[in-house]
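Below is target19.tsv, holding TSV, C-alpha atoms.
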```tsv
chain	number	residue	atom	x	y	z
A	17	MET	CA	-14.63	11.86	71.97
A	18	THR	CA	-11.86	10.79	69.62
A	19	ARG	CA	-9.32	12.77	71.68
A	20	VAL	CA	-10.51	11.15	74.89
A	21	ILE	CA	-10.26	7.67	73.39
A	22	ALA	CA	-6.78	8.45	72.07
A	23	MET	CA	-5.72	9.63	75.53
A	24	GLN	CA	-7.21	6.51	77.04
A	25	MET	CA	-5.24	4.37	74.57
A	26	ARG	CA	-2.03	6.13	75.61
A	27	ILE	CA	-2.54	5.42	79.38
A	28	PRO	CA	-1.42	1.87	80.27
A	29	LYS	CA	-3.98	-0.30	82.00
A	30	ALA	CA	-1.75	-0.92	85.08
A	31	GLN	CA	-1.54	2.81	85.73
A	32	VAL	CA	-5.29	3.17	85.53
A	33	VAL	CA	-5.85	0.37	88.06
A	34	PHE	CA	-3.15	1.70	90.38
A	35	ALA	CA	-4.60	5.19	90.34
A	36	VAL	CA	-8.07	3.92	91.12
A	37	CYS	CA	-6.83	1.75	94.01
A	38	LEU	CA	-4.77	4.58	95.48
A	39	PHE	CA	-7.76	6.86	95.26
A	40	VAL	CA	-9.98	4.32	96.97
A	41	ALA	CA	-7.44	3.61	99.72
A	42	THR	CA	-7.04	7.27	100.44
A	43	TRP	CA	-10.73	7.75	100.38
A	44	VAL	CA	-11.38	4.92	102.88
A	45	HIS	CA	-8.52	5.91	105.10
A	46	ALA	CA	-9.81	9.43	105.35
A	47	GLY	CA	-13.13	8.14	106.54
A	48	LEU	CA	-15.04	10.49	104.27
A	49	PHE	CA	-17.82	8.00	103.55
A	50	GLU	CA	-19.63	5.24	105.36
A	51	ASP	CA	-18.87	1.62	104.55
A	52	ASP	CA	-21.93	1.17	102.34
A	53	GLU	CA	-21.23	4.30	100.42
A	54	ALA	CA	-17.57	3.31	100.11
A	55	ARG	CA	-18.46	-0.11	98.73
A	56	LYS	CA	-20.89	1.47	96.32
A	57	ALA	CA	-18.29	3.96	95.17
A	58	ILE	CA	-15.71	1.17	94.76
A	59	LEU	CA	-18.11	-0.92	92.70
A	60	ASP	CA	-18.93	2.09	90.59
A	61	LEU	CA	-15.26	2.83	90.02
A	62	ARG	CA	-14.60	-0.83	89.27
A	63	GLN	CA	-17.34	-0.81	86.66
A	64	ARG	CA	-15.90	2.33	85.15
A	65	VAL	CA	-12.44	0.77	85.10
A	66	GLU	CA	-13.81	-2.36	83.43
A	67	LYS	CA	-15.65	-0.20	80.96
A	68	LEU	CA	-12.46	1.72	80.17
A	69	ARG	CA	-10.54	-1.53	79.85
A	70	SER	CA	-13.22	-2.98	77.55
A	71	ASP	CA	-13.24	0.17	75.44
A	72	ALA	CA	-9.44	0.08	75.21
A	73	ASP	CA	-9.49	-3.59	74.17
A	74	GLN	CA	-12.17	-2.89	71.60
A	75	ILE	CA	-10.20	0.02	70.18
A	76	GLN	CA	-7.06	-2.10	69.97
A	77	ASN	CA	-8.93	-4.95	68.31
A	78	SER	CA	-10.61	-2.55	65.90
A	79	SER	CA	-7.20	-1.06	65.05
A	80	LYS	CA	-5.84	-4.54	64.41
A	81	ASP	CA	-8.83	-5.36	62.22
A	82	ASP	CA	-8.39	-2.11	60.31
A	83	ASN	CA	-4.70	-2.80	59.76
A	84	ALA	CA	-5.47	-6.35	58.67
A	85	GLY	CA	-8.17	-5.08	56.31
A	86	LEU	CA	-5.80	-2.48	54.90
A	87	GLY	CA	-3.18	-5.15	54.32
A	88	ARG	CA	-5.67	-7.36	52.53
A	89	GLY	CA	-6.80	-4.40	50.44
A	90	MET	CA	-3.23	-3.63	49.39
A	91	LEU	CA	-2.66	-7.25	48.42
A	92	GLU	CA	-5.86	-7.28	46.37
A	93	LEU	CA	-4.89	-4.00	44.68
A	94	GLN	CA	-1.46	-5.40	43.81
A	95	ARG	CA	-3.10	-8.54	42.40
A	96	GLN	CA	-5.44	-6.43	40.26
A	97	ILE	CA	-2.49	-4.38	38.99
A	98	GLU	CA	-0.67	-7.55	37.96
A	99	LEU	CA	-3.80	-8.77	36.17
A	100	VAL	CA	-4.04	-5.48	34.28
A	101	ARG	CA	-0.37	-5.73	33.30
A	102	THR	CA	-0.93	-9.26	32.06
A	103	ASP	CA	-3.97	-8.17	30.04
A	104	LEU	CA	-2.02	-5.26	28.53
A	105	ALA	CA	0.81	-7.57	27.53
A	106	THR	CA	-1.69	-9.93	25.93
A	107	LEU	CA	-3.38	-7.09	24.04
A	108	ARG	CA	0.00	-5.81	22.88
A	109	GLY	CA	0.81	-9.23	21.50
A	110	VAL	CA	-2.57	-9.44	19.78
A	111	ASN	CA	-2.10	-5.98	18.23
A	112	GLU	CA	1.35	-6.90	16.94
A	113	LYS	CA	-0.01	-10.08	15.37
A	114	LEU	CA	-2.91	-8.19	13.80
A	115	ALA	CA	-0.51	-5.59	12.40
A	116	LYS	CA	1.67	-8.33	10.92
A	117	ASP	CA	-1.33	-10.13	9.45
A	118	LEU	CA	-2.57	-6.87	7.92
A	119	ALA	CA	0.85	-6.14	6.40
A	120	ASP	CA	1.00	-9.66	4.95
A	121	LEU	CA	-2.50	-9.29	3.55
A	122	GLN	CA	-1.68	-5.94	1.95
A	123	ARG	CA	1.51	-7.35	0.45
A	124	ARG	CA	-0.32	-10.36	-1.00
A	125	HIS	CA	-3.03	-8.07	-2.37
A	126	LEU	CA	-0.39	-5.88	-4.04
A	127	ASP	CA	1.35	-8.93	-5.50
A	128	ASP	CA	-1.95	-10.30	-6.77
A	129	THR	CA	-2.88	-6.94	-8.28
A	130	GLN	CA	0.47	-6.60	-10.03
A	131	GLY	CA	0.30	-10.18	-11.22
A	132	LEU	CA	-3.20	-9.62	-12.56
A	133	SER	CA	-2.11	-6.43	-14.33
A	134	GLU	CA	0.78	-8.26	-15.95
A	135	ARG	CA	-1.46	-11.11	-17.06
A	136	LEU	CA	-4.04	-8.69	-18.47
A	137	ALA	CA	-1.31	-6.76	-20.27
A	138	LYS	CA	-0.35	-9.97	-22.04
A	139	ILE	CA	-3.84	-10.64	-23.35
A	140	GLU	CA	-5.67	-7.31	-23.49
A	141	PRO	CA	-5.39	-4.98	-26.51
A	142	ALA	CA	-3.55	-1.71	-26.02
A	143	LYS	CA	-3.72	1.67	-27.73
A	144	ILE	CA	-0.96	2.16	-30.31
A	145	ASN	CA	0.10	5.26	-32.24
A	146	VAL	CA	2.21	4.66	-35.35
A	147	ASP	CA	2.87	7.24	-38.08
A	148	GLY	CA	0.22	9.52	-36.58
A	149	VAL	CA	-2.48	6.84	-36.65
A	150	GLU	CA	-3.97	5.66	-33.36
A	151	PHE	CA	-5.49	2.19	-33.13
A	152	THR	CA	-5.84	-0.80	-30.82
A	153	ALA	CA	-3.60	-3.85	-31.12
A	154	GLY	CA	-3.25	-7.05	-29.18
A	155	PRO	CA	0.02	-8.01	-27.43
A	156	GLU	CA	0.99	-10.65	-30.01
A	157	GLU	CA	0.18	-8.35	-32.92
A	158	LYS	CA	2.33	-5.59	-31.45
A	159	ARG	CA	5.16	-8.01	-30.71
A	160	ASP	CA	5.17	-9.48	-34.25
A	161	TYR	CA	5.24	-6.05	-35.88
A	162	GLU	CA	8.07	-4.79	-33.68
A	163	ALA	CA	10.04	-7.99	-34.28
A	164	ALA	CA	9.79	-7.55	-38.08
A	165	LEU	CA	10.79	-3.88	-37.87
A	166	ALA	CA	13.77	-4.74	-35.64
A	167	VAL	CA	15.03	-7.24	-38.24
A	168	PHE	CA	14.63	-4.62	-41.00
A	169	ARG	CA	16.64	-2.07	-39.03
A	170	LYS	CA	19.44	-4.60	-38.60
A	171	GLY	CA	19.72	-4.69	-42.40
A	172	ASP	CA	18.45	-8.26	-42.71
A	173	PHE	CA	16.07	-7.39	-45.54
A	174	VAL	CA	15.37	-10.95	-46.67
A	175	ASN	CA	14.07	-12.02	-43.26
A	176	ALA	CA	12.36	-8.67	-42.79
A	177	GLN	CA	10.51	-9.21	-46.06
A	178	ASN	CA	9.29	-12.62	-44.90
A	179	LEU	CA	8.30	-11.33	-41.45
A	180	PHE	CA	6.29	-8.38	-42.80
A	181	ALA	CA	4.58	-10.57	-45.42
A	182	GLY	CA	3.66	-13.06	-42.69
A	183	PHE	CA	2.43	-10.26	-40.45
A	184	LEU	CA	0.06	-8.90	-43.14
A	185	SER	CA	-1.26	-12.40	-43.74
A	186	ARG	CA	-1.97	-13.04	-40.04
A	187	TYR	CA	-3.42	-9.57	-39.29
A	188	PRO	CA	-5.24	-8.41	-42.45
A	189	SER	CA	-7.25	-5.77	-40.56
A	190	SER	CA	-4.41	-4.54	-38.35
A	191	GLY	CA	-3.83	-0.86	-37.68
A	192	TYR	CA	-0.22	-1.57	-38.59
A	193	THR	CA	-1.19	-2.56	-42.17
A	194	LEU	CA	-0.21	0.63	-44.03
A	195	THR	CA	3.07	1.01	-42.18
A	196	ALA	CA	3.80	-2.71	-42.65
A	197	LEU	CA	3.19	-2.33	-46.42
A	198	PHE	CA	5.65	0.55	-46.52
A	199	TRP	CA	8.43	-1.41	-44.78
A	200	LEU	CA	7.67	-4.53	-46.78
A	201	GLY	CA	8.04	-2.53	-50.01
A	202	ASN	CA	11.36	-1.12	-48.80
A	203	ALA	CA	12.64	-4.60	-47.86
A	204	GLN	CA	11.65	-5.86	-51.32
A	205	TYR	CA	13.34	-2.89	-52.97
A	206	ALA	CA	16.50	-3.64	-50.97
A	207	THR	CA	16.41	-7.26	-52.21
A	208	ARG	CA	15.73	-6.06	-55.80
A	209	ASN	CA	12.24	-7.47	-55.83
A	210	TYR	CA	11.06	-4.29	-57.57
A	211	LYS	CA	7.79	-5.52	-59.06
A	212	GLU	CA	6.49	-6.79	-55.72
A	213	ALA	CA	7.68	-3.60	-54.06
A	214	VAL	CA	5.66	-1.50	-56.53
A	215	VAL	CA	2.56	-3.59	-55.78
A	216	ASN	CA	2.87	-3.00	-52.04
A	217	PHE	CA	3.70	0.72	-52.34
A	218	ARG	CA	0.68	1.27	-54.58
A	219	SER	CA	-1.50	-0.73	-52.20
A	220	LEU	CA	-0.54	1.65	-49.40
A	221	ILE	CA	-1.37	4.71	-51.55
A	222	ALA	CA	-4.69	3.26	-52.66
A	223	LYS	CA	-5.79	2.43	-49.12
A	224	ASN	CA	-5.00	5.90	-47.76
A	225	PRO	CA	-3.51	8.56	-50.06
A	226	GLU	CA	-3.39	10.95	-47.09
A	227	HIS	CA	-1.22	8.66	-45.00
A	228	VAL	CA	2.04	10.21	-43.79
A	229	ARG	CA	4.02	7.55	-45.69
A	230	ALA	CA	2.12	8.05	-48.96
A	231	PRO	CA	4.49	10.66	-50.56
A	232	GLU	CA	7.51	8.42	-49.80
A	233	ALA	CA	5.63	5.43	-51.24
A	234	VAL	CA	5.03	7.31	-54.52
A	235	LEU	CA	8.71	8.27	-54.69
A	236	SER	CA	9.65	4.63	-54.03
A	237	VAL	CA	7.41	3.49	-56.92
A	238	ALA	CA	9.29	5.87	-59.21
A	239	ASN	CA	12.62	4.49	-57.97
A	240	CYS	CA	11.47	0.94	-58.66
A	241	GLN	CA	10.38	1.97	-62.19
A	242	LEU	CA	13.79	3.45	-62.85
A	243	GLU	CA	15.42	0.20	-61.66
A	244	LEU	CA	13.11	-1.66	-64.06
A	245	LYS	CA	14.23	0.71	-66.88
A	246	ASP	CA	10.74	2.21	-67.12
A	247	THR	CA	11.92	5.82	-67.45
A	248	LYS	CA	8.68	7.07	-68.96
A	249	GLY	CA	6.62	5.55	-66.16
A	250	ALA	CA	9.03	6.98	-63.55
A	251	ARG	CA	8.74	10.47	-65.07
A	252	THR	CA	4.94	10.29	-64.92
A	253	THR	CA	5.02	9.05	-61.31
A	254	LEU	CA	7.40	11.83	-60.22
A	255	THR	CA	5.27	14.49	-61.91
A	256	ASN	CA	2.14	13.19	-60.19
A	257	LEU	CA	4.01	13.19	-56.87
A	258	ILE	CA	4.90	16.88	-57.22
A	259	LYS	CA	1.29	17.75	-58.02
A	260	ALA	CA	-0.28	15.61	-55.27
A	261	TYR	CA	2.16	16.42	-52.45
A	262	PRO	CA	3.80	19.76	-53.32
A	263	GLN	CA	4.83	20.54	-49.70
A	264	SER	CA	6.40	17.18	-48.91
A	265	GLU	CA	10.10	16.33	-48.74
A	266	ALA	CA	9.41	13.60	-51.28
A	267	SER	CA	8.27	16.32	-53.72
A	268	VAL	CA	11.65	18.06	-53.40
A	269	ALA	CA	13.43	14.79	-54.13
A	270	ALA	CA	11.07	14.16	-57.09
A	271	LYS	CA	11.98	17.55	-58.65
A	272	GLU	CA	15.67	16.74	-58.38
A	273	ARG	CA	15.09	13.31	-59.91
A	274	LEU	CA	13.08	14.76	-62.81
A	275	ALA	CA	15.85	17.29	-63.51
A	276	SER	CA	18.35	14.45	-63.72
A	277	LEU	CA	16.21	12.55	-66.20
A	278	LYS	CA	16.23	15.31	-68.83
```
Mind turning this structure into structure tokens?
Amino acid sequence: MTRVIAMQMRIPKAQVVFAVCLFVATWVHAGLFEDDEARKAILDLRQRVEKLRSDADQIQNSSKDDNAGLGRGMLELQRQIELVRTDLATLRGVNEKLAKDLADLQRRHLDDTQGLSERLAKIEPAKINVDGVEFTAGPEEKRDYEAALAVFRKGDFVNAQNLFAGFLSRYPSSGYTLTALFWLGNAQYATRNYKEAVVNFRSLIAKNPEHVRAPEAVLSVANCQLELKDTKGARTTLTNLIKAYPQSEASVAAKERLASLK
């Protein structure tokens, strides 16, 4: 049926009419039928021609409608594609903004965390290990001790003496106490304040005779006694040092000092 319709669409209407008329004229001229039969045949052919013409018009109109529908469909598809492109561009912009906001948030969080850590470090106690002793000290306590020691190492023994004395007064229970007493005694010895130096060295020994600085403190007491012309007391102190700390470096120095006193 499709092939027939296609063939009909390819035959122009004028040719169809001409062929029918020629056929009818020939038919009448030949006298093959009677007038009534001829008229009936002509009417039948005319109806068939009209039917073919109507079918051809319908097919043409349907083709036009299909083409128009196809065109509208293509336009709608193109519009939908443009809408999708617009939506994708919008989503891309939103994603970029979200990524930027997230990066900013992470950066602010990191800054806040670092800032908080720094603030806590300024106020929270920290673990300290000095002369083999581990303890906890606050930021100010640690700073004051290190400041006094720095002055001592510069050779400013007068100021070092004042700083260590002030430190022991402010932090009587500090983990730095024994070490601070040792450096205070040395600063006093350097400024020839021998009696006060002896007091502080002996305080260190009394608080913890096993402290790593204890042998040196005993030797320092003996040195102060010698400076005070107390040779007998220095000899006794050196002898006790050798007995109490025989393996220490201070004990070696004490033996040499005793030998020089004879």
In Å, how far is it from CA of Ala222 (chain A) to CA of Trp199 (chain A)?
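So the answer is 16.0 Å.
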Using only C-alpha atoms, which protein or nucleic acid residues come within 9 Å of Leu220 (chain A)? Drop anything in the same chain fewer than 6 positions from it, and give the result as an NGL selection string.
:A and (193-195 or 197-198 or 227 or 229-230 or 233)
How far is it from CA of Glu272 (chain A) to CA of Arg251 (chain A), in Å with one decimal?
11.5 Å
Go through A:Leu235, A:Ile58, A:Leu93, A:Val174 and flag the residue nearest Arg208 (chain A), using all atoms listed in the file for the distances.
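Comparing A:Leu235, A:Ile58, A:Leu93, A:Val174 against Arg208 (chain A), the winner is A:Val174.
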What is the distance between CA of Gln177 (chain A) and CA of Asp147 (chain A), in Å to one decimal?
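We find that CA of Gln177 (chain A) and CA of Asp147 (chain A) lie 19.8 Å from each other.
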Determine the nearest neighbour of Glu243 (chain A) from the options A:Asn175, A:Asn209, A:Asn83, A:Ser189, counting all atoms listed in the file.
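Under the stated criterion, the closest residue is A:Asn209.
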Which residues, written as a list in words, have at least one atom at most 10 Å from Val146 (chain A), with only C-alpha atoms counted and residues fewer than 3 positions away on the same chain left out?
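Near Val146 (chain A), the qualifying residues are Val149, Glu150, Phe151, Gly191, Tyr192, Leu194 and Thr195 of chain A.
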The selected residues should be written to file as a PDB file, in the frame of the given file (atoms: C-alpha atoms).
```
ATOM      1  CA  VAL A 149      -2.480   6.840 -36.650  1.00  0.00           C
ATOM      2  CA  GLU A 150      -3.970   5.660 -33.360  1.00  0.00           C
ATOM      3  CA  PHE A 151      -5.490   2.190 -33.130  1.00  0.00           C
ATOM      4  CA  GLY A 191      -3.830  -0.860 -37.680  1.00  0.00           C
ATOM      5  CA  TYR A 192      -0.220  -1.570 -38.590  1.00  0.00           C
ATOM      6  CA  LEU A 194      -0.210   0.630 -44.030  1.00  0.00           C
ATOM      7  CA  THR A 195       3.070   1.010 -42.180  1.00  0.00           C
TER       8      THR A 195
END
```
Proximity of region 172-232 of chain A to region 155-168 of chain A: per-residue shortest pair, 9 Å limit, all atoms listed in the file, as a tab-separated table:
```
residue	atom	partner	partner_atom	distance
A:Asp172	CA	A:Phe168	CA	5.5
A:Phe173	CA	A:Phe168	CA	5.5
A:Val174	CA	A:Phe168	CA	8.5
A:Asn175	CA	A:Val167	CA	7.0
A:Ala176	CA	A:Phe168	CA	5.0
A:Gln177	CA	A:Phe168	CA	8.0
A:Asn178	CA	A:Ala164	CA	8.5
A:Leu179	CA	A:Ala164	CA	5.3
A:Phe180	CA	A:Ala164	CA	5.9
A:Phe183	CA	A:Tyr161	CA	6.8
A:Arg186	CA	A:Glu157	CA	8.8
A:Tyr187	CA	A:Glu157	CA	7.4
A:Ser190	CA	A:Glu157	CA	8.1
A:Tyr192	CA	A:Tyr161	CA	7.6
A:Ala196	CA	A:Tyr161	CA	7.7
A:Trp199	CA	A:Leu165	CA	7.7
A:Ala203	CA	A:Phe168	CA	7.1
```
Counting all atoms listed in the file, the residue among A:Leu274, A:Arg88, A:Ala105, A:Ser264 that lies closest to Glu226 (chain A) is A:Ser264
How would region 202-220 of chain A read, as a PDB file, keeping the file's coordinate frame, once N, CA and C atoms are built in?
```pdb
ATOM      1  N   ASN A 202       9.949  -1.517 -48.903  1.00  0.00           N
ATOM      2  CA  ASN A 202      11.360  -1.120 -48.800  1.00  0.00           C
ATOM      3  C   ASN A 202      12.278  -2.342 -48.693  1.00  0.00           C
ATOM      4  N   ALA A 203      11.844  -3.373 -47.962  1.00  0.00           N
ATOM      5  CA  ALA A 203      12.640  -4.600 -47.860  1.00  0.00           C
ATOM      6  C   ALA A 203      12.742  -5.265 -49.233  1.00  0.00           C
ATOM      7  N   GLN A 204      11.639  -5.264 -49.983  1.00  0.00           N
ATOM      8  CA  GLN A 204      11.650  -5.860 -51.320  1.00  0.00           C
ATOM      9  C   GLN A 204      12.521  -5.040 -52.282  1.00  0.00           C
ATOM     10  N   TYR A 205      12.481  -3.739 -52.142  1.00  0.00           N
ATOM     11  CA  TYR A 205      13.340  -2.890 -52.970  1.00  0.00           C
ATOM     12  C   TYR A 205      14.816  -3.195 -52.674  1.00  0.00           C
ATOM     13  N   ALA A 206      15.116  -3.359 -51.351  1.00  0.00           N
ATOM     14  CA  ALA A 206      16.500  -3.640 -50.970  1.00  0.00           C
ATOM     15  C   ALA A 206      16.962  -4.998 -51.478  1.00  0.00           C
ATOM     16  N   THR A 207      16.043  -5.927 -51.690  1.00  0.00           N
ATOM     17  CA  THR A 207      16.410  -7.260 -52.210  1.00  0.00           C
ATOM     18  C   THR A 207      16.166  -7.340 -53.725  1.00  0.00           C
ATOM     19  N   ARG A 208      15.923  -6.189 -54.354  1.00  0.00           N
ATOM     20  CA  ARG A 208      15.730  -6.060 -55.800  1.00  0.00           C
ATOM     21  C   ARG A 208      14.481  -6.761 -56.315  1.00  0.00           C
ATOM     22  N   ASN A 209      13.537  -6.909 -55.442  1.00  0.00           N
ATOM     23  CA  ASN A 209      12.240  -7.470 -55.830  1.00  0.00           C
ATOM     24  C   ASN A 209      11.334  -6.289 -56.153  1.00  0.00           C
ATOM     25  N   TYR A 210      11.674  -5.576 -57.266  1.00  0.00           N
ATOM     26  CA  TYR A 210      11.060  -4.290 -57.570  1.00  0.00           C
ATOM     27  C   TYR A 210       9.571  -4.397 -57.916  1.00  0.00           C
ATOM     28  N   LYS A 211       9.191  -5.415 -58.659  1.00  0.00           N
ATOM     29  CA  LYS A 211       7.790  -5.520 -59.060  1.00  0.00           C
ATOM     30  C   LYS A 211       6.871  -5.705 -57.847  1.00  0.00           C
ATOM     31  N   GLU A 212       7.299  -6.584 -56.939  1.00  0.00           N
ATOM     32  CA  GLU A 212       6.490  -6.790 -55.720  1.00  0.00           C
ATOM     33  C   GLU A 212       6.487  -5.537 -54.847  1.00  0.00           C
ATOM     34  N   ALA A 213       7.608  -4.833 -54.855  1.00  0.00           N
ATOM     35  CA  ALA A 213       7.680  -3.600 -54.060  1.00  0.00           C
ATOM     36  C   ALA A 213       6.686  -2.581 -54.601  1.00  0.00           C
ATOM     37  N   VAL A 214       6.604  -2.449 -55.930  1.00  0.00           N
ATOM     38  CA  VAL A 214       5.660  -1.500 -56.530  1.00  0.00           C
ATOM     39  C   VAL A 214       4.233  -1.852 -56.132  1.00  0.00           C
ATOM     40  N   VAL A 215       3.912  -3.152 -56.152  1.00  0.00           N
ATOM     41  CA  VAL A 215       2.560  -3.590 -55.780  1.00  0.00           C
ATOM     42  C   VAL A 215       2.215  -3.142 -54.347  1.00  0.00           C
ATOM     43  N   ASN A 216       3.136  -3.333 -53.437  1.00  0.00           N
ATOM     44  CA  ASN A 216       2.870  -3.000 -52.040  1.00  0.00           C
ATOM     45  C   ASN A 216       2.835  -1.484 -51.795  1.00  0.00           C
ATOM     46  N   PHE A 217       3.724  -0.737 -52.489  1.00  0.00           N
ATOM     47  CA  PHE A 217       3.700   0.720 -52.340  1.00  0.00           C
ATOM     48  C   PHE A 217       2.378   1.289 -52.870  1.00  0.00           C
ATOM     49  N   ARG A 218       1.929   0.772 -54.004  1.00  0.00           N
ATOM     50  CA  ARG A 218       0.680   1.270 -54.580  1.00  0.00           C
ATOM     51  C   ARG A 218      -0.527   0.846 -53.736  1.00  0.00           C
ATOM     52  N   SER A 219      -0.424  -0.300 -53.094  1.00  0.00           N
ATOM     53  CA  SER A 219      -1.500  -0.730 -52.200  1.00  0.00           C
ATOM     54  C   SER A 219      -1.651   0.234 -51.027  1.00  0.00           C
ATOM     55  N   LEU A 220      -0.522   0.670 -50.494  1.00  0.00           N
ATOM     56  CA  LEU A 220      -0.540   1.650 -49.400  1.00  0.00           C
ATOM     57  C   LEU A 220      -1.229   2.934 -49.858  1.00  0.00           C
TER      58      LEU A 220
END
```
